[in-house]
Each structure stands twice: as structure tokens, then as C-alpha cells.
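Data block for data_22.cif (mmCIF, C-alpha atoms):
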data_final
loop_
_atom_site.group_PDB
_atom_site.id
_atom_site.type_symbol
_atom_site.label_atom_id
_atom_site.label_comp_id
_atom_site.auth_asym_id
_atom_site.auth_seq_id
_atom_site.Cartn_x
_atom_site.Cartn_y
_atom_site.Cartn_z
ATOM 1 C CA MET A 1 -39.979 -16.131 9.441
ATOM 2 C CA PRO A 2 -36.816 -14.207 8.375
ATOM 3 C CA LYS A 3 -34.870 -16.265 10.911
ATOM 4 C CA PHE A 4 -36.268 -19.451 9.361
ATOM 5 C CA PHE A 5 -35.106 -18.445 5.876
ATOM 6 C CA HIS A 6 -31.781 -17.211 7.158
ATOM 7 C CA GLN A 7 -31.150 -20.596 8.798
ATOM 8 C CA LEU A 8 -32.396 -22.485 5.775
ATOM 9 C CA ALA A 9 -29.894 -20.693 3.525
ATOM 10 C CA SER A 10 -27.039 -21.766 5.798
ATOM 11 C CA PRO A 11 -25.421 -24.799 4.107
ATOM 12 C CA PRO A 12 -24.697 -26.923 7.243
ATOM 13 C CA HIS A 13 -28.231 -26.424 8.573
ATOM 14 C CA PHE A 14 -29.713 -27.202 5.182
ATOM 15 C CA TYR A 15 -27.573 -30.309 4.784
ATOM 16 C CA ARG A 16 -28.735 -31.629 8.159
ATOM 17 C CA ILE A 17 -32.482 -31.161 7.672
ATOM 18 C CA ALA A 18 -32.611 -32.008 3.935
ATOM 19 C CA GLY A 19 -31.715 -35.681 4.458
ATOM 20 C CA PRO A 20 -34.888 -36.679 6.387
ATOM 21 C CA TRP A 21 -37.024 -34.417 4.181
ATOM 22 C CA ALA A 22 -35.746 -36.151 1.037
ATOM 23 C CA ARG A 23 -36.720 -39.527 2.522
ATOM 24 C CA TRP A 24 -40.197 -38.350 3.553
ATOM 25 C CA PHE A 25 -40.899 -36.800 0.163
ATOM 26 C CA GLY A 26 -39.671 -40.021 -1.448
ATOM 27 C CA TRP A 27 -42.132 -42.196 0.489
ATOM 28 C CA ILE A 28 -45.014 -39.765 -0.104
ATOM 29 C CA ALA A 29 -44.189 -39.747 -3.828
ATOM 30 C CA LEU A 30 -44.129 -43.556 -3.959
ATOM 31 C CA VAL A 31 -47.534 -43.913 -2.284
ATOM 32 C CA LEU A 32 -49.169 -41.196 -4.412
ATOM 33 C CA ILE A 33 -47.702 -42.459 -7.695
ATOM 34 C CA LEU A 34 -48.791 -46.055 -6.974
ATOM 35 C CA ALA A 35 -52.292 -44.797 -6.105
ATOM 36 C CA GLY A 36 -52.299 -42.642 -9.252
ATOM 37 C CA LEU A 37 -51.235 -45.613 -11.393
ATOM 38 C CA TYR A 38 -54.024 -47.750 -9.971
ATOM 39 C CA GLY A 39 -56.535 -44.948 -10.463
ATOM 40 C CA GLY A 40 -55.376 -44.082 -13.965
ATOM 41 C CA LEU A 41 -54.843 -47.570 -15.383
ATOM 42 C CA TRP A 42 -57.722 -49.492 -13.764
ATOM 43 C CA TRP A 43 -60.164 -47.381 -11.783
ATOM 44 C CA ALA A 44 -60.826 -44.583 -14.324
ATOM 45 C CA PRO A 45 -63.275 -45.572 -17.117
ATOM 46 C CA PRO A 46 -62.088 -45.570 -20.764
ATOM 47 C CA ASP A 47 -62.679 -42.321 -22.681
ATOM 48 C CA TYR A 48 -65.737 -42.303 -24.939
ATOM 49 C CA GLN A 49 -63.679 -41.043 -27.907
ATOM 50 C CA GLN A 50 -60.125 -42.251 -27.237
ATOM 51 C CA GLY A 51 -60.870 -45.540 -25.442
ATOM 52 C CA ASP A 52 -57.916 -46.664 -23.320
ATOM 53 C CA GLY A 53 -55.505 -44.532 -25.356
ATOM 54 C CA PHE A 54 -56.346 -41.513 -23.201
ATOM 55 C CA ARG A 55 -54.630 -43.187 -20.205
ATOM 56 C CA ILE A 56 -51.345 -41.639 -21.349
ATOM 57 C CA ILE A 57 -52.797 -38.439 -19.847
ATOM 58 C CA TYR A 58 -51.825 -39.649 -16.337
ATOM 59 C CA ILE A 59 -48.114 -39.412 -17.128
ATOM 60 C CA HIS A 60 -48.093 -36.900 -19.981
ATOM 61 C CA VAL A 61 -49.932 -34.050 -18.271
ATOM 62 C CA PRO A 62 -48.123 -34.298 -14.885
ATOM 63 C CA SER A 63 -44.777 -34.453 -16.751
ATOM 64 C CA ALA A 64 -45.679 -31.359 -18.772
ATOM 65 C CA TRP A 65 -46.848 -29.495 -15.634
ATOM 66 C CA MET A 66 -43.622 -30.433 -13.868
ATOM 67 C CA SER A 67 -41.523 -29.268 -16.830
ATOM 68 C CA LEU A 68 -43.031 -25.781 -16.422
ATOM 69 C CA PHE A 69 -43.157 -25.755 -12.616
ATOM 70 C CA ILE A 70 -39.516 -26.822 -12.312
ATOM 71 C CA TYR A 71 -38.443 -24.219 -14.866
ATOM 72 C CA VAL A 72 -40.112 -21.454 -12.856
ATOM 73 C CA THR A 73 -38.596 -22.823 -9.629
ATOM 74 C CA MET A 74 -35.173 -22.893 -11.281
ATOM 75 C CA ALA A 75 -35.496 -19.356 -12.676
ATOM 76 C CA ILE A 76 -36.684 -17.932 -9.337
ATOM 77 C CA SER A 77 -33.806 -19.578 -7.420
ATOM 78 C CA ALA A 78 -31.301 -18.461 -10.044
ATOM 79 C CA GLY A 79 -32.719 -14.928 -9.810
ATOM 80 C CA ILE A 80 -32.461 -14.958 -5.999
ATOM 81 C CA GLY A 81 -28.876 -16.176 -6.313
ATOM 82 C CA LEU A 82 -28.091 -13.447 -8.818
ATOM 83 C CA ILE A 83 -29.642 -10.577 -6.837
ATOM 84 C CA TRP A 84 -28.820 -11.504 -3.239
ATOM 85 C CA ARG A 85 -25.726 -13.592 -4.002
ATOM 86 C CA ILE A 86 -27.006 -16.565 -2.020
ATOM 87 C CA LYS A 87 -24.906 -19.588 -2.936
ATOM 88 C CA LEU A 88 -27.558 -22.099 -1.898
ATOM 89 C CA ALA A 89 -30.029 -20.519 -4.338
ATOM 90 C CA HIS A 90 -27.678 -21.167 -7.266
ATOM 91 C CA ILE A 91 -27.174 -24.731 -6.040
ATOM 92 C CA VAL A 92 -30.949 -25.301 -5.943
ATOM 93 C CA ALA A 93 -31.317 -23.928 -9.482
ATOM 94 C CA ALA A 94 -28.512 -26.118 -10.826
ATOM 95 C CA ALA A 95 -29.893 -29.196 -9.044
ATOM 96 C CA ALA A 96 -33.408 -28.611 -10.411
ATOM 97 C CA ALA A 97 -32.292 -28.316 -14.050
ATOM 98 C CA PRO A 98 -31.611 -32.013 -14.858
ATOM 99 C CA ILE A 99 -34.894 -33.044 -13.193
ATOM 100 C CA GLY A 100 -36.766 -30.423 -15.222
ATOM 101 C CA ALA A 101 -35.038 -31.545 -18.413
ATOM 102 C CA SER A 102 -36.081 -35.146 -17.634
ATOM 103 C CA PHE A 103 -39.741 -34.178 -17.268
ATOM 104 C CA THR A 104 -39.628 -32.072 -20.441
ATOM 105 C CA PHE A 105 -38.196 -35.058 -22.306
ATOM 106 C CA LEU A 106 -40.932 -37.290 -20.830
ATOM 107 C CA ALA A 107 -43.671 -34.809 -21.759
ATOM 108 C CA LEU A 108 -42.385 -34.816 -25.358
ATOM 109 C CA VAL A 109 -41.998 -38.613 -25.620
ATOM 110 C CA THR A 110 -45.328 -39.505 -23.989
ATOM 111 C CA GLY A 111 -47.031 -36.798 -26.065
ATOM 112 C CA SER A 112 -45.504 -38.264 -29.192
ATOM 113 C CA LEU A 113 -46.750 -41.764 -28.251
ATOM 114 C CA TRP A 114 -50.199 -40.288 -27.635
ATOM 115 C CA GLY A 115 -50.144 -38.260 -30.861
ATOM 116 C CA LYS A 116 -49.488 -41.228 -33.131
ATOM 117 C CA PRO A 117 -52.785 -43.098 -32.554
ATOM 118 C CA MET A 118 -54.898 -39.934 -32.097
ATOM 119 C CA TRP A 119 -53.485 -37.495 -34.675
ATOM 120 C CA GLY A 120 -51.776 -40.016 -36.967
ATOM 121 C CA THR A 121 -48.301 -38.575 -36.397
ATOM 122 C CA TYR A 122 -45.551 -38.734 -33.757
ATOM 123 C CA TRP A 123 -44.540 -35.135 -34.308
ATOM 124 C CA VAL A 124 -45.863 -31.936 -35.808
ATOM 125 C CA TRP A 125 -44.158 -28.525 -35.754
ATOM 126 C CA ASP A 126 -47.029 -26.711 -34.093
ATOM 127 C CA ALA A 127 -46.839 -24.053 -31.391
ATOM 128 C CA ARG A 128 -47.306 -26.263 -28.315
ATOM 129 C CA LEU A 129 -44.869 -28.980 -29.352
ATOM 130 C CA THR A 130 -42.242 -26.568 -30.682
ATOM 131 C CA SER A 131 -42.309 -24.348 -27.578
ATOM 132 C CA GLU A 132 -42.013 -27.424 -25.322
ATOM 133 C CA LEU A 133 -39.017 -28.592 -27.386
ATOM 134 C CA LEU A 134 -37.519 -25.107 -26.934
ATOM 135 C CA LEU A 135 -37.974 -25.601 -23.168
ATOM 136 C CA LEU A 136 -35.837 -28.749 -23.363
ATOM 137 C CA PHE A 137 -33.109 -26.758 -25.160
ATOM 138 C CA LEU A 138 -33.322 -24.011 -22.514
ATOM 139 C CA TYR A 139 -32.739 -26.605 -19.785
ATOM 140 C CA LEU A 140 -29.813 -28.150 -21.672
ATOM 141 C CA GLY A 141 -28.378 -24.690 -22.377
ATOM 142 C CA TYR A 142 -28.660 -23.796 -18.688
ATOM 143 C CA ILE A 143 -26.925 -27.033 -17.654
ATOM 144 C CA SER A 144 -24.003 -26.634 -20.082
ATOM 145 C CA LEU A 145 -23.555 -22.933 -19.340
ATOM 146 C CA ASN A 146 -23.597 -23.612 -15.593
ATOM 147 C CA ARG A 147 -20.744 -26.091 -16.003
ATOM 148 C CA ALA A 148 -18.800 -24.224 -18.695
ATOM 149 C CA PHE A 149 -16.541 -22.023 -16.544
ATOM 150 C CA PRO A 150 -13.531 -22.923 -14.392
ATOM 151 C CA ASP A 151 -14.913 -20.552 -11.731
ATOM 152 C CA GLN A 152 -18.288 -21.911 -10.635
ATOM 153 C CA ARG A 153 -19.462 -18.415 -9.634
ATOM 154 C CA THR A 154 -19.166 -17.242 -13.249
ATOM 155 C CA GLY A 155 -21.136 -20.278 -14.407
ATOM 156 C CA ASP A 156 -23.817 -19.641 -11.784
ATOM 157 C CA ARG A 157 -24.290 -16.044 -12.898
ATOM 158 C CA ALA A 158 -24.183 -16.679 -16.654
ATOM 159 C CA SER A 159 -26.644 -19.583 -16.468
ATOM 160 C CA ALA A 160 -28.928 -17.598 -14.123
ATOM 161 C CA ILE A 161 -29.299 -14.899 -16.789
ATOM 162 C CA LEU A 162 -30.204 -17.539 -19.388
ATOM 163 C CA ALA A 163 -32.751 -19.075 -16.980
ATOM 164 C CA LEU A 164 -34.375 -15.671 -16.403
ATOM 165 C CA VAL A 165 -34.522 -14.757 -20.084
ATOM 166 C CA GLY A 166 -36.019 -18.178 -20.853
ATOM 167 C CA VAL A 167 -38.955 -17.616 -18.472
ATOM 168 C CA ILE A 168 -40.677 -15.812 -21.359
ATOM 169 C CA ASN A 169 -41.178 -19.269 -22.918
ATOM 170 C CA VAL A 170 -43.340 -20.484 -20.002
ATOM 171 C CA PRO A 171 -46.470 -18.377 -20.732
ATOM 172 C CA ILE A 172 -45.873 -19.008 -24.433
ATOM 173 C CA ILE A 173 -46.143 -22.772 -23.817
ATOM 174 C CA HIS A 174 -49.217 -22.376 -21.625
ATOM 175 C CA TYR A 175 -51.140 -20.101 -24.007
ATOM 176 C CA SER A 176 -49.784 -21.611 -27.247
ATOM 177 C CA VAL A 177 -52.945 -23.718 -27.663
ATOM 178 C CA GLN A 178 -55.077 -20.563 -27.537
ATOM 179 C CA TRP A 179 -52.866 -18.125 -29.456
ATOM 180 C CA TRP A 180 -52.182 -20.374 -32.446
ATOM 181 C CA ASN A 181 -54.070 -22.996 -34.385
ATOM 182 C CA THR A 182 -52.654 -26.258 -33.163
ATOM 183 C CA LEU A 183 -53.334 -29.983 -33.225
ATOM 184 C CA HIS A 184 -52.801 -30.090 -29.474
ATOM 185 C CA GLN A 185 -56.014 -29.861 -27.477
ATOM 186 C CA GLY A 186 -56.764 -26.839 -25.297
ATOM 187 C CA PRO A 187 -56.530 -26.795 -21.495
ATOM 188 C CA THR A 188 -58.899 -29.182 -19.674
ATOM 189 C CA VAL A 189 -57.970 -28.575 -16.037
ATOM 190 C CA PHE A 190 -56.650 -25.011 -15.530
ATOM 191 C CA LYS A 191 -59.265 -23.057 -17.467
ATOM 192 C CA ALA A 192 -62.007 -20.496 -16.896
ATOM 193 C CA GLY A 193 -65.180 -22.152 -15.567
ATOM 194 C CA GLY A 194 -63.338 -25.089 -13.946
ATOM 195 C CA PRO A 195 -62.042 -28.418 -15.306
ATOM 196 C CA SER A 196 -63.962 -30.019 -18.179
ATOM 197 C CA ILE A 197 -63.063 -33.608 -17.321
ATOM 198 C CA ALA A 198 -65.107 -36.176 -15.382
ATOM 199 C CA PRO A 199 -64.162 -36.478 -11.667
ATOM 200 C CA ASP A 200 -63.402 -40.215 -12.154
ATOM 201 C CA MET A 201 -60.729 -39.225 -14.647
ATOM 202 C CA LEU A 202 -59.604 -36.049 -12.883
ATOM 203 C CA ILE A 203 -58.888 -37.500 -9.416
ATOM 204 C CA PRO A 204 -56.157 -39.953 -10.517
ATOM 205 C CA LEU A 205 -54.611 -37.119 -12.569
ATOM 206 C CA LEU A 206 -54.379 -34.848 -9.536
ATOM 207 C CA VAL A 207 -53.048 -37.674 -7.331
ATOM 208 C CA MET A 208 -50.376 -38.409 -9.931
ATOM 209 C CA ALA A 209 -49.478 -34.713 -10.221
ATOM 210 C CA LEU A 210 -49.028 -34.479 -6.429
ATOM 211 C CA GLY A 211 -46.908 -37.634 -6.535
ATOM 212 C CA PHE A 212 -44.678 -36.124 -9.238
ATOM 213 C CA MET A 213 -44.380 -32.972 -7.133
ATOM 214 C CA ALA A 214 -43.243 -34.956 -4.068
ATOM 215 C CA TYR A 215 -40.856 -36.923 -6.300
ATOM 216 C CA PHE A 216 -39.325 -33.661 -7.527
ATOM 217 C CA GLY A 217 -38.938 -32.500 -3.915
ATOM 218 C CA SER A 218 -37.164 -35.698 -2.969
ATOM 219 C CA VAL A 219 -34.723 -35.856 -5.894
ATOM 220 C CA LEU A 220 -34.050 -32.114 -5.670
ATOM 221 C CA LEU A 221 -33.114 -32.362 -1.979
ATOM 222 C CA ILE A 222 -30.775 -35.305 -2.613
ATOM 223 C CA ARG A 223 -29.033 -33.404 -5.421
ATOM 224 C CA VAL A 224 -28.780 -30.173 -3.426
ATOM 225 C CA ARG A 225 -27.223 -32.037 -0.472
ATOM 226 C CA THR A 226 -24.557 -33.519 -2.739
ATOM 227 C CA ASP A 227 -23.740 -30.168 -4.357
ATOM 228 C CA VAL A 228 -23.658 -28.346 -1.006
ATOM 229 C CA LEU A 229 -21.222 -30.905 0.377
ATOM 230 C CA GLU A 230 -19.023 -30.792 -2.715
ATOM 231 C CA ARG A 231 -18.873 -26.996 -2.928
ATOM 232 C CA GLU A 232 -18.278 -26.562 0.809
ATOM 233 C CA ARG A 233 -15.791 -29.418 1.169
ATOM 234 C CA HIS A 234 -13.086 -27.144 2.582
ATOM 235 C CA LYS A 235 -15.333 -25.805 5.354
ATOM 236 C CA ASN A 236 -15.227 -27.202 8.873
ATOM 237 C CA TRP A 237 -18.805 -28.447 8.931
ATOM 238 C CA ALA A 238 -18.285 -30.420 5.707
ATOM 239 C CA GLN A 239 -15.154 -32.045 7.134
ATOM 240 C CA LEU A 240 -17.163 -33.062 10.215
ATOM 241 C CA VAL A 241 -19.928 -34.547 8.036
ATOM 242 C CA VAL A 242 -17.376 -36.481 6.001
ATOM 243 C CA GLU A 243 -15.674 -37.887 9.090
ATOM 244 C CA ASN A 244 -18.900 -38.861 10.860
ATOM 245 C CA GLU A 245 -21.000 -40.255 8.021
ATOM 246 C CA MET B 1 -55.734 -51.581 -23.394
ATOM 247 C CA GLY B 2 -58.345 -51.683 -26.197
ATOM 248 C CA GLY B 3 -55.873 -51.686 -29.103
ATOM 249 C CA TYR B 4 -53.705 -48.931 -27.637
ATOM 250 C CA ALA B 5 -51.285 -51.184 -25.709
ATOM 251 C CA ALA B 6 -48.448 -50.480 -28.187
ATOM 252 C CA PHE B 7 -48.588 -46.787 -27.234
ATOM 253 C CA VAL B 8 -49.716 -46.789 -23.608
ATOM 254 C CA TRP B 9 -47.194 -49.285 -22.178
ATOM 255 C CA PRO B 10 -44.079 -47.845 -23.888
ATOM 256 C CA ALA B 11 -45.130 -44.390 -22.613
ATOM 257 C CA TYR B 12 -45.424 -45.688 -19.022
ATOM 258 C CA GLY B 13 -42.185 -47.651 -19.498
ATOM 259 C CA VAL B 14 -40.141 -44.611 -20.554
ATOM 260 C CA VAL B 15 -41.497 -42.591 -17.629
ATOM 261 C CA ALA B 16 -40.636 -45.401 -15.174
ATOM 262 C CA VAL B 17 -37.097 -45.780 -16.536
ATOM 263 C CA VAL B 18 -36.298 -42.038 -16.520
ATOM 264 C CA MET B 19 -37.820 -41.421 -13.073
ATOM 265 C CA ILE B 20 -36.093 -44.409 -11.440
ATOM 266 C CA ALA B 21 -32.792 -43.492 -13.141
ATOM 267 C CA ASN B 22 -33.004 -39.951 -11.718
ATOM 268 C CA VAL B 23 -33.265 -41.310 -8.166
ATOM 269 C CA VAL B 24 -30.525 -43.916 -8.644
ATOM 270 C CA ILE B 25 -28.110 -41.409 -10.232
ATOM 271 C CA ALA B 26 -28.726 -38.778 -7.538
ATOM 272 C CA ARG B 27 -28.205 -41.260 -4.684
ATOM 273 C CA ARG B 28 -25.145 -42.856 -6.272
ATOM 274 C CA ARG B 29 -23.566 -39.458 -6.871
ATOM 275 C CA HIS B 30 -24.094 -38.510 -3.235
ATOM 276 C CA ARG B 31 -22.421 -41.716 -2.072
ATOM 277 C CA ARG B 32 -19.489 -41.224 -4.454
ATOM 278 C CA VAL B 33 -18.884 -37.617 -3.405
ATOM 279 C CA LEU B 34 -18.964 -38.669 0.265
ATOM 280 C CA GLU B 35 -16.525 -41.531 -0.381
ATOM 281 C CA ALA B 36 -14.151 -39.335 -2.398
ATOM 282 C CA LEU B 37 -14.085 -36.741 0.377
ATOM 283 C CA GLN B 38 -13.546 -39.456 2.988
ATOM 284 C CA ARG B 39 -10.556 -40.839 1.067
ATOM 285 C CA ARG B 40 -9.086 -37.338 0.894
ATOM 286 C CA VAL B 41 -9.491 -36.833 4.627
ATOM 287 C CA GLU B 42 -7.636 -40.107 5.236
ATOM 288 C CA LEU B 43 -4.843 -39.074 2.838
ATOM 289 C CA ASP B 44 -4.515 -35.674 4.525
ATOM 290 C CA GLY B 45 -4.312 -37.382 7.906
ATOM 291 C CA ARG B 46 -1.419 -39.546 6.721
ATOM 292 C CA GLU B 47 0.503 -36.586 5.298
ATOM 293 C CA VAL B 48 0.240 -34.737 8.605
ATOM 294 C CA ALA B 49 1.424 -37.824 10.523
#

If you convert what's in this file into C-alpha cells, what do you get?
Amino acid sequence: MPKFFHQLASPPHFYRIAGPWARWFGWIALVLILAGLYGGLWWAPPDYQQGDGFRIIYIHVPSAWMSLFIYVTMAISAGIGLIWRIKLAHIVAAAAAPIGASFTFLALVTGSLWGKPMWGTYWVWDARLTSELLLLFLYLGYISLNRAFPDQRTGDRASAILALVGVINVPIIHYSVQWWNTLHQGPTVFKAGGPSIAPDMLIPLLVMALGFMAYFGSVLLIRVRTDVLERERHKNWAQLVVENE
Amino acid sequence: MGGYAAFVWPAYGVVAVVMIANVVIARRRHRRVLEALQRRVELDGREVA
């Protein structure tokens, strides 16, 4: 296992294997997302209270899960980069950030479009919505800090510290619906006693979530490959890649 | 969509646009970086010659 990780952290090796992996994840994501769309938009029955309006769940909840999952992934990689000075770890963190920011934005927009018909408002400054908005600002702060220094190593370290400090917001988002009075509903899937949602509605949600996960894997690998190549452009292996591709 | 079409479809639309854009931007950037590095290799080759 240590040998596997050691090899994986080597930029030329990573560049070589990440290409096919990005393609595979891309195809898996496409199949799962199409299946999830079919399941969520046609196969699942309308909700007894929200009618067809509840179907926003199939994009809103996976987007919100991804916004948290990607943040944790980013913070862990940034932390690994900070402690063990592994360049590839910083690259992974920086490549994950824009994808995470995209999903945070989507969670906010789809939530807003769901809130209007159900709560009567697009936005309310309650704990869940405000902490998710803070997550978007953390991502944007990380991205600008990472790019703010002429020496990329300084940017990597400074933004890594921000990413690690910001992790405190992740449990706050998750538990916000229990700690504070909020318009947002409580957890339906990850809760004590198991999910309180009918299997017909739950299965498309899980398929969609897996599809979003594979999508993240695919886009992340593409972005990491580009950054690895750009940062290592003066190395021999990168020159060989450039000449042969 | 039982009266909710004005909310459901825009939500799915935004998600589709942002997710497709992420893939297109990432792939285009990879191609551009490769091309820029290739041009530089060619330039370097000429200088040496």
C-alpha cells in the first residue's frame, strides 16, 4: 500500500493513469445521472404534500452533499500538502475548489427555487441557508487566496490554512437544522433510525448522488492533470508528454 | 409537473448548464495548456537551431 501511494503522488505516474480514470468516471457519471433523472422525474411518485414540486430534491440534495463532501476532500488534501509538503496534494485541493463552489452555488439556487413554492420565499436568513452561503464564500476565498501570490507555494500554504479553519463550518451546516429553529426541513436520509423517505423516492436520490460523485471524480482528474502538467512544465517527463501528445 | 413546472425546470436547467460548463471548461483548459506548451517547445527548438 505505501508503494501505491508513493507512486500515486509522483506527478508523471499520476498524469499517465489519471487520463483513462477521468474518462471512465465520466461515462459512469453519465449513465448514473441519466438513470437518476429518469427515476426522479418519471418513475418516482409525486409527494403527497408537495406534489411534483418535491422533484427538485434529486438535484438539490446531491448538490448540497457534494458541496460538503468536496469541501472536506479539499481541506484534507490541503492539510496533507501543508504537513507533508506533497505538491500533488495542493494541486488536488486547488482543483477541487471550483467544482465545490459550483455545487454550493447549485445547492443554493435549487434550494431557492424549491423554497419559493413551499415556504413562500426565495431566501431567508436562517441557519442552514446562511451557513451554506458562508461555505460558498469559503470556497471563493480559498480560490482567490490560492492564486494571490507570485510564488505558488505561498498561495498553496496560505489557502490551505483557510481551508482547514473553514472545516468548522461543515458540522455547523449539517447540524444547523437541529441546533437552530429553521424553515429548512431536518435530515431525511442520514439520521438515527434510518431514512424516513419511501424507497421509490430514495433510490433515484441515491443513484443521482453516486452519479454526482463520479462526475466530481472525472472533472477533478481532468483539472489535476492540467495543473500537474502546467506546474511541472520544466521537468523532463512533462516535455516528453508535450512532444508526444 | 402539477403546477410546479416554473420552479422544477429552471432548477434542473441551472444544474445542467453549470455541470456541463464545468466539464467543457476543464477539457478546454487542458487542451490550451498542452497547445501553449507545444508552441513553446517548437520555439525553443528553433532558437537552438

For this session: Name the residues that the PyMOL selection byres ((chain A and resi 146-152) around 12) pulls out of this structure, and write them as a count of residues only.
Result: 31

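Using only C-alpha atoms, one finds that the residues of chain B close to chain A, at 6 Å or less, are Met1, Gly2, Tyr4, Phe7, Val8, Ala11, Ala26, His30 and Gln38 of chain B.
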
Seminar exercise, completed: Between CA of Ala18 (chain A) and CA of Val33 (chain B) lies a distance of 16.5 Å

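Relative to CA of Ala89 (chain A), CA of Phe4 (chain A) is found at 15.1 Å.
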
For this session: To one decimal in Å, tell me the separation between CA of Pro12 (chain A) and CA of Val228 (chain A).
Result: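 We find that CA of Pro12 (chain A) and CA of Val228 (chain A) lie 8.4 Å from each other.
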
Problem set entry | the PyMOL selection byres ((chain A and resi 72) around 10) resolved against shown file, as a PyMOL selection string | chain A and resi 66-71+73-78+93+100+163-164+166-167+170

Exercise. Written as number ranges by chain, which residues does the PyMOL selection byres ((chain A and resi 185-189) around 10) give for the file shown?
Worked result: A: 61, 128, 174-178, 181-184, 190-197, 202, 205-206
